[in-house]
$ cat work05.pdb   # PDB, C-alpha atoms
ATOM      1  CA  MET A 216     -56.286 -61.242-131.158
ATOM      2  CA  PRO A 217     -59.478 -59.195-131.571
ATOM      3  CA  PRO A 218     -61.225 -58.805-128.191
ATOM      4  CA  SER A 219     -64.567 -59.820-129.695
ATOM      5  CA  ALA A 220     -63.154 -63.169-130.813
ATOM      6  CA  ALA A 221     -61.528 -63.816-127.453
ATOM      7  CA  GLU A 222     -64.689 -62.922-125.553
ATOM      8  CA  ALA A 223     -67.217 -64.764-127.712
ATOM      9  CA  PRO A 224     -69.064 -67.415-125.700
ATOM     10  CA  SER A 225     -68.509 -71.095-126.385
ATOM     11  CA  ARG A 226     -70.307 -74.224-125.283
ATOM     12  CA  ASP A 227     -67.121 -76.261-125.606
ATOM     13  CA  PRO A 228     -65.194 -76.218-122.293
ATOM     14  CA  ALA A 229     -61.870 -76.725-124.087
ATOM     15  CA  GLU A 230     -62.514 -73.776-126.385
ATOM     16  CA  THR A 231     -63.556 -71.651-123.405
ATOM     17  CA  GLU A 232     -60.282 -72.489-121.635
ATOM     18  CA  ALA A 233     -58.363 -71.846-124.859
ATOM     19  CA  ARG A 234     -59.896 -68.367-125.104
ATOM     20  CA  ARG A 235     -58.994 -67.646-121.482
ATOM     21  CA  LEU A 236     -55.422 -68.799-122.036
ATOM     22  CA  LEU A 237     -55.043 -66.691-125.174
ATOM     23  CA  GLN A 238     -56.375 -63.649-123.296
ATOM     24  CA  ALA A 239     -53.848 -64.210-120.494
ATOM     25  CA  LEU A 240     -51.031 -64.556-123.029
ATOM     26  CA  ALA A 241     -52.154 -61.367-124.802
ATOM     27  CA  ARG A 242     -52.189 -59.411-121.526
ATOM     28  CA  ARG A 243     -48.540 -60.387-120.990
ATOM     29  CA  GLY A 244     -47.509 -60.104-124.629
ATOM     30  CA  TRP A 245     -46.321 -63.722-124.538
ATOM     31  CA  THR A 246     -46.450 -66.727-126.836
ATOM     32  CA  ALA A 247     -46.963 -70.366-125.902
ATOM     33  CA  ALA A 248     -45.897 -73.701-127.351
ATOM     34  CA  LEU A 249     -47.100 -77.226-126.607
ATOM     35  CA  ALA A 250     -45.743 -80.764-126.496
ATOM     36  CA  GLU A 251     -48.578 -83.290-126.605
ATOM     37  CA  SER A 252     -48.543 -87.045-126.217
ATOM     38  CA  CYS A 253     -51.770 -88.653-124.965
ATOM     39  CA  THR A 254     -53.917 -85.760-126.219
ATOM     40  CA  GLY A 255     -52.573 -86.203-129.744
ATOM     41  CA  GLY A 256     -53.107 -82.591-130.819
ATOM     42  CA  MET A 257     -56.384 -81.932-129.002
ATOM     43  CA  VAL A 258     -54.930 -79.047-126.975
ATOM     44  CA  SER A 259     -53.619 -77.472-130.176
ATOM     45  CA  ALA A 260     -56.984 -77.979-131.855
ATOM     46  CA  ALA A 261     -58.740 -76.146-129.016
ATOM     47  CA  LEU A 262     -56.330 -73.216-129.293
ATOM     48  CA  THR A 263     -56.515 -72.988-133.074
ATOM     49  CA  SER A 264     -60.322 -73.009-132.950
ATOM     50  CA  VAL A 265     -60.074 -69.446-131.605
ATOM     51  CA  PRO A 266     -59.688 -66.760-134.295
ATOM     52  CA  GLY A 267     -56.423 -64.869-133.915
ATOM     53  CA  ALA A 268     -54.683 -67.646-131.969
ATOM     54  CA  SER A 269     -51.639 -67.431-134.238
ATOM     55  CA  GLU A 270     -50.701 -64.157-132.531
ATOM     56  CA  ARG A 271     -50.041 -66.016-129.258
ATOM     57  CA  PHE A 272     -49.654 -69.713-130.156
ATOM     58  CA  TRP A 273     -46.386 -70.852-131.756
ATOM     59  CA  GLY A 274     -47.579 -74.387-132.362
ATOM     60  CA  ALA A 275     -47.111 -77.866-130.980
ATOM     61  CA  VAL A 276     -45.131 -81.041-131.257
ATOM     62  CA  VAL A 277     -47.226 -84.187-131.021
ATOM     63  CA  SER A 278     -44.666 -86.641-129.701
ATOM     64  CA  TYR A 279     -46.681 -89.798-129.211
ATOM     65  CA  ALA A 280     -43.778 -92.227-129.562
ATOM     66  CA  ASN A 281     -40.811 -92.198-127.201
ATOM     67  CA  GLU A 282     -38.536 -91.833-130.221
ATOM     68  CA  ALA A 283     -40.244 -88.516-131.060
ATOM     69  CA  LYS A 284     -39.842 -87.375-127.466
ATOM     70  CA  ARG A 285     -36.113 -88.127-127.700
ATOM     71  CA  GLU A 286     -35.397 -86.951-131.236
ATOM     72  CA  VAL A 287     -37.590 -83.850-131.458
ATOM     73  CA  LEU A 288     -37.913 -82.670-127.853
ATOM     74  CA  SER A 289     -34.534 -83.878-126.529
ATOM     75  CA  VAL A 290     -36.038 -85.936-123.703
ATOM     76  CA  PRO A 291     -33.074 -87.942-122.379
ATOM     77  CA  ARG A 292     -33.207 -91.669-123.118
ATOM     78  CA  GLU A 293     -32.363 -92.334-119.454
ATOM     79  CA  VAL A 294     -35.442 -90.431-118.282
ATOM     80  CA  LEU A 295     -37.702 -92.480-120.534
ATOM     81  CA  GLU A 296     -36.042 -95.767-119.585
ATOM     82  CA  LEU A 297     -35.892 -95.142-115.831
ATOM     83  CA  ARG A 298     -39.025 -93.058-115.204
ATOM     84  CA  GLY A 299     -41.206 -93.843-118.224
ATOM     85  CA  ALA A 300     -43.083 -91.634-120.660
ATOM     86  CA  VAL A 301     -45.738 -90.863-118.049
ATOM     87  CA  SER A 302     -43.699 -89.157-115.348
ATOM     88  CA  PRO A 303     -42.934 -85.700-113.992
ATOM     89  CA  GLU A 304     -39.383 -85.913-115.329
ATOM     90  CA  THR A 305     -40.601 -86.655-118.849
ATOM     91  CA  VAL A 306     -43.172 -83.860-119.025
ATOM     92  CA  ARG A 307     -40.622 -81.421-117.588
ATOM     93  CA  ALA A 308     -38.157 -82.382-120.329
ATOM     94  CA  MET A 309     -40.900 -82.217-122.977
ATOM     95  CA  ALA A 310     -41.980 -78.732-121.859
ATOM     96  CA  GLN A 311     -38.384 -77.517-121.751
ATOM     97  CA  GLY A 312     -37.673 -79.108-125.128
ATOM     98  CA  VAL A 313     -40.555 -77.425-126.931
ATOM     99  CA  LEU A 314     -39.723 -74.134-125.206
ATOM    100  CA  ALA A 315     -36.179 -74.302-126.596
ATOM    101  CA  LEU A 316     -37.394 -75.403-130.024
ATOM    102  CA  SER A 317     -39.992 -72.646-130.327
ATOM    103  CA  GLY A 318     -38.503 -69.664-128.559
ATOM    104  CA  ALA A 319     -41.914 -69.134-126.921
ATOM    105  CA  ASP A 320     -42.266 -67.551-123.490
ATOM    106  CA  VAL A 321     -44.127 -70.457-121.881
ATOM    107  CA  SER A 322     -44.953 -74.048-122.721
ATOM    108  CA  ALA A 323     -47.010 -76.984-121.575
ATOM    109  CA  ALA A 324     -46.496 -80.701-122.062
ATOM    110  CA  VAL A 325     -48.853 -83.593-121.431
ATOM    111  CA  SER A 326     -48.294 -87.345-121.278
ATOM    112  CA  GLY A 327     -50.612 -89.958-119.866
ATOM    113  CA  ILE A 328     -52.331 -93.308-120.014
ATOM    114  CA  ALA A 329     -55.706 -92.807-121.679
ATOM    115  CA  GLY A 330     -56.546 -96.513-121.887
ATOM    116  CA  PRO A 331     -58.210 -98.790-122.201
ATOM    117  CA  GLY A 332     -54.936-100.708-121.816
ATOM    118  CA  GLY A 333     -51.469 -99.699-120.723
ATOM    119  CA  GLY A 334     -52.137 -99.082-117.057
ATOM    120  CA  THR A 335     -50.209-100.627-114.169
ATOM    121  CA  PRO A 336     -50.830-100.614-110.410
ATOM    122  CA  GLU A 337     -48.309 -97.748-110.098
ATOM    123  CA  LYS A 338     -49.656 -95.876-113.129
ATOM    124  CA  PRO A 339     -53.279 -96.857-113.727
ATOM    125  CA  VAL A 340     -55.327 -95.776-116.729
ATOM    126  CA  GLY A 341     -56.186 -92.129-116.177
ATOM    127  CA  THR A 342     -52.737 -91.183-114.874
ATOM    128  CA  VAL A 343     -51.733 -87.988-116.670
ATOM    129  CA  TRP A 344     -48.790 -85.685-116.047
ATOM    130  CA  ILE A 345     -48.739 -82.034-117.115
ATOM    131  CA  GLY A 346     -45.496 -80.077-117.303
ATOM    132  CA  LEU A 347     -45.285 -76.283-117.504
ATOM    133  CA  ALA A 348     -42.169 -74.262-118.284
ATOM    134  CA  ALA A 349     -41.209 -70.628-118.746
ATOM    135  CA  ARG A 350     -38.174 -68.877-120.112
ATOM    136  CA  GLY A 351     -35.760 -68.392-117.263
ATOM    137  CA  GLY A 352     -36.086 -71.956-115.998
ATOM    138  CA  ARG A 353     -39.312 -71.849-113.997
ATOM    139  CA  HIS A 354     -41.314 -75.073-114.222
ATOM    140  CA  ARG A 355     -44.098 -77.018-112.559
ATOM    141  CA  GLU A 356     -45.339 -80.572-112.930
ATOM    142  CA  LEU A 357     -48.669 -81.924-111.761
ATOM    143  CA  ARG A 358     -50.322 -85.321-111.751
ATOM    144  CA  LEU A 359     -53.938 -85.955-112.662
ATOM    145  CA  ALA A 360     -55.882 -89.080-111.739
ATOM    146  CA  LEU A 361     -58.760 -89.084-114.217
ATOM    147  CA  THR A 362     -61.589 -91.547-114.705
ATOM    148  CA  GLY A 363     -63.695 -92.547-117.660
ATOM    149  CA  ASP A 364     -63.089 -93.945-121.091
ATOM    150  CA  ARG A 365     -60.236 -93.009-123.416
ATOM    151  CA  ASN A 366     -62.084 -90.095-124.996
ATOM    152  CA  ARG A 367     -63.137 -88.616-121.667
ATOM    153  CA  ILE A 368     -59.589 -88.866-120.266
ATOM    154  CA  ARG A 369     -58.203 -87.131-123.345
ATOM    155  CA  ARG A 370     -60.885 -84.391-123.235
ATOM    156  CA  GLU A 371     -60.368 -83.750-119.522
ATOM    157  CA  SER A 372     -56.598 -83.692-120.020
ATOM    158  CA  THR A 373     -57.014 -81.107-122.774
ATOM    159  CA  ILE A 374     -59.121 -78.837-120.582
ATOM    160  CA  ARG A 375     -56.737 -79.163-117.638
ATOM    161  CA  VAL A 376     -53.643 -78.402-119.739
ATOM    162  CA  LEU A 377     -55.256 -75.190-120.970
ATOM    163  CA  ALA A 378     -56.440 -74.186-117.492
ATOM    164  CA  GLU A 379     -53.129 -74.989-115.798
ATOM    165  CA  LEU A 380     -51.101 -73.146-118.426
ATOM    166  CA  ARG A 381     -53.406 -70.118-118.041
ATOM    167  CA  SER A 382     -52.881 -70.154-114.283
ATOM    168  CA  PHE A 383     -49.116 -70.476-114.794
ATOM    169  CA  VAL A 384     -49.126 -67.516-117.211
ATOM    170  CA  GLU A 385     -51.154 -65.384-114.823
ATOM    171  CA  GLU A 386     -48.712 -65.943-111.956
ATOM    172  CA  GLU A 387     -45.411 -66.317-113.830
ATOM    173  CA  VAL A 388     -42.901 -63.607-114.461
ATOM    174  CA  VAL A 389     -40.707 -64.746-117.332
ATOM    175  CA  GLY A 390     -37.065 -64.775-116.357
ATOM    176  CA  SER A 391     -37.713 -64.655-112.621
ATOM    177  CA  SER A 392     -36.123 -67.058-110.184
TER
END

$ encode --input "work05.pdb" --output "structure tokens"
Amino acid sequence: MPPSAAEAPSRDPAETEARRLLQALARRGWTAALAESCTGGMVSAALTSVPGASERFWGAVVSYANEAKREVLSVPREVLELRGAVSPETVRAMAQGVLALSGADVSAAVSGIAGPGGGTPEKPVGTVWIGLAARGGRHRELRLALTGDRNRIRRESTIRVLAELRSFVEEEVVGSS
């Protein structure tokens, strides 16, 4: 990716985070892949808005339906039935699934309840899980408790996925234990 493209200022926080992530990936010589559910491709859109992203971004699977999570990303049926689509176990499996599918060095997955409906007392609207994975088996899952309307929850989730994956890339050593 040309340095000028990666360093160009942006007023869009998601694009700014995308540029930072792509720079971190370039420093390591790594590629990334995504598995998106509640964001529906918004994380991918932020990354592909940056010229030269194809050098570091393999692509994404938008697995909105549980069937797509099972069939494309190999999320076990039992995980979805017992823990639900919005859970640390599901985003871990999604991140690992897209990592295996893509051959990328690192991946991120996101699944959440953007609303306005679908929330429960245990998982209210705004509950979002992010999963991160690296070749070699390293992974991390984190829970967000966001507020706002559907669009705001999806935008904030997008920004956080990019920022968390960047942080993971900056501290990860692929293949380490």

$ residues_around --input "work05.pdb" --residues "Thr362 of chain A" --least-positions-apart "3" --cutoff "10 Å" --atoms "only C-alpha atoms" --output "MDAnalysis selection string"
chainID A and resid 329 339:342 359 365 367:368 371

$ atom_distance --input "work05.pdb" --atom1 "atom CA of Ala319 of chain A" --atom2 "atom CA of Arg350 of chain A"
7.8 Å

$ residues_near_point --input "work05.pdb" --point "(-37.5, -75.4, -127.1)" --cutoff "10 Å" --atoms "all atoms listed in the file" --output "list in words"
Ala248, Leu249, Ala250, Val287, Leu288, Ser289, Ala308, Met309, Ala310, Gln311, Gly312, Val313, Leu314, Ala315, Leu316, Ser317, Gly318, Ala319, Asp320, Val321, Ser322 and Arg350 of chain A

$ closest_residue --input "work05.pdb" --among "A:Ser382, A:Thr231, A:Thr305, A:Thr373" --to "Gly346 of chain A" --atoms "all atoms listed in the file"
A:Thr305

$ atom_distance --input "work05.pdb" --atom1 "atom CA of Ala280 of chain A" --atom2 "atom CA of Ala233 of chain A"
25.5 Å

$ resolve_selection --input "work05.pdb" --expression "the PyMOL selection byres ((chain A and resi 333-337) around 12)" --output "list in words"
Cys253, Arg298, Gly299, Ala300, Val301, Ser302, Gly327, Ile328, Ala329, Gly330, Pro331, Gly332, Lys338, Pro339, Val340, Gly341, Thr342, Val343, Ala360 and Arg365 of chain A

$ closest_residue --input "work05.pdb" --among "A:Thr254, A:Ser259, A:Ser326, A:Ser264" --to "Leu357 of chain A" --atoms "only C-alpha atoms"
A:Ser326

$ atom_distance --input "work05.pdb" --atom1 "atom CA of Ser269 of chain A" --atom2 "atom CA of Glu286 of chain A"
25.6 Å

$ residues_around --input "work05.pdb" --residues "Leu237 of chain A" --least-positions-apart "3" --cutoff "9 Å" --atoms "only C-alpha atoms" --output "ChimeraX atom specification"
/A:216,221,232-234,240-242,246-247,262,265,268,270-272,381

$ closest_residue --input "work05.pdb" --among "A:Ser225, A:Arg307, A:Gln238, A:Ile345" --to "Gly267 of chain A" --atoms "all atoms listed in the file"
A:Gln238

$ closest_residue --input "work05.pdb" --among "A:Ala283, A:Ala323, A:Ala261, A:Leu377" --to "Arg353 of chain A" --atoms "all atoms listed in the file"
A:Ala323

$ closest_residue --input "work05.pdb" --among "A:Ile374, A:Ala239, A:Met257, A:Ala324" --to "Lys284 of chain A" --atoms "only C-alpha atoms"
A:Ala324

$ closest_residue --input "work05.pdb" --among "A:Val258, A:Ser372, A:Ser252, A:Asn366" --to "Glu282 of chain A" --atoms "only C-alpha atoms"
A:Ser252

$ axis_aligned_box --input "work05.pdb" --around "segment 315-319 of chain A" --padding-each-side "4 Å" --output "AutoDock Vina command-line options"
--center_x -39.0 --center_y -72.3 --center_z -128.5 --size_x 13.7 --size_y 14.3 --size_z 11.7
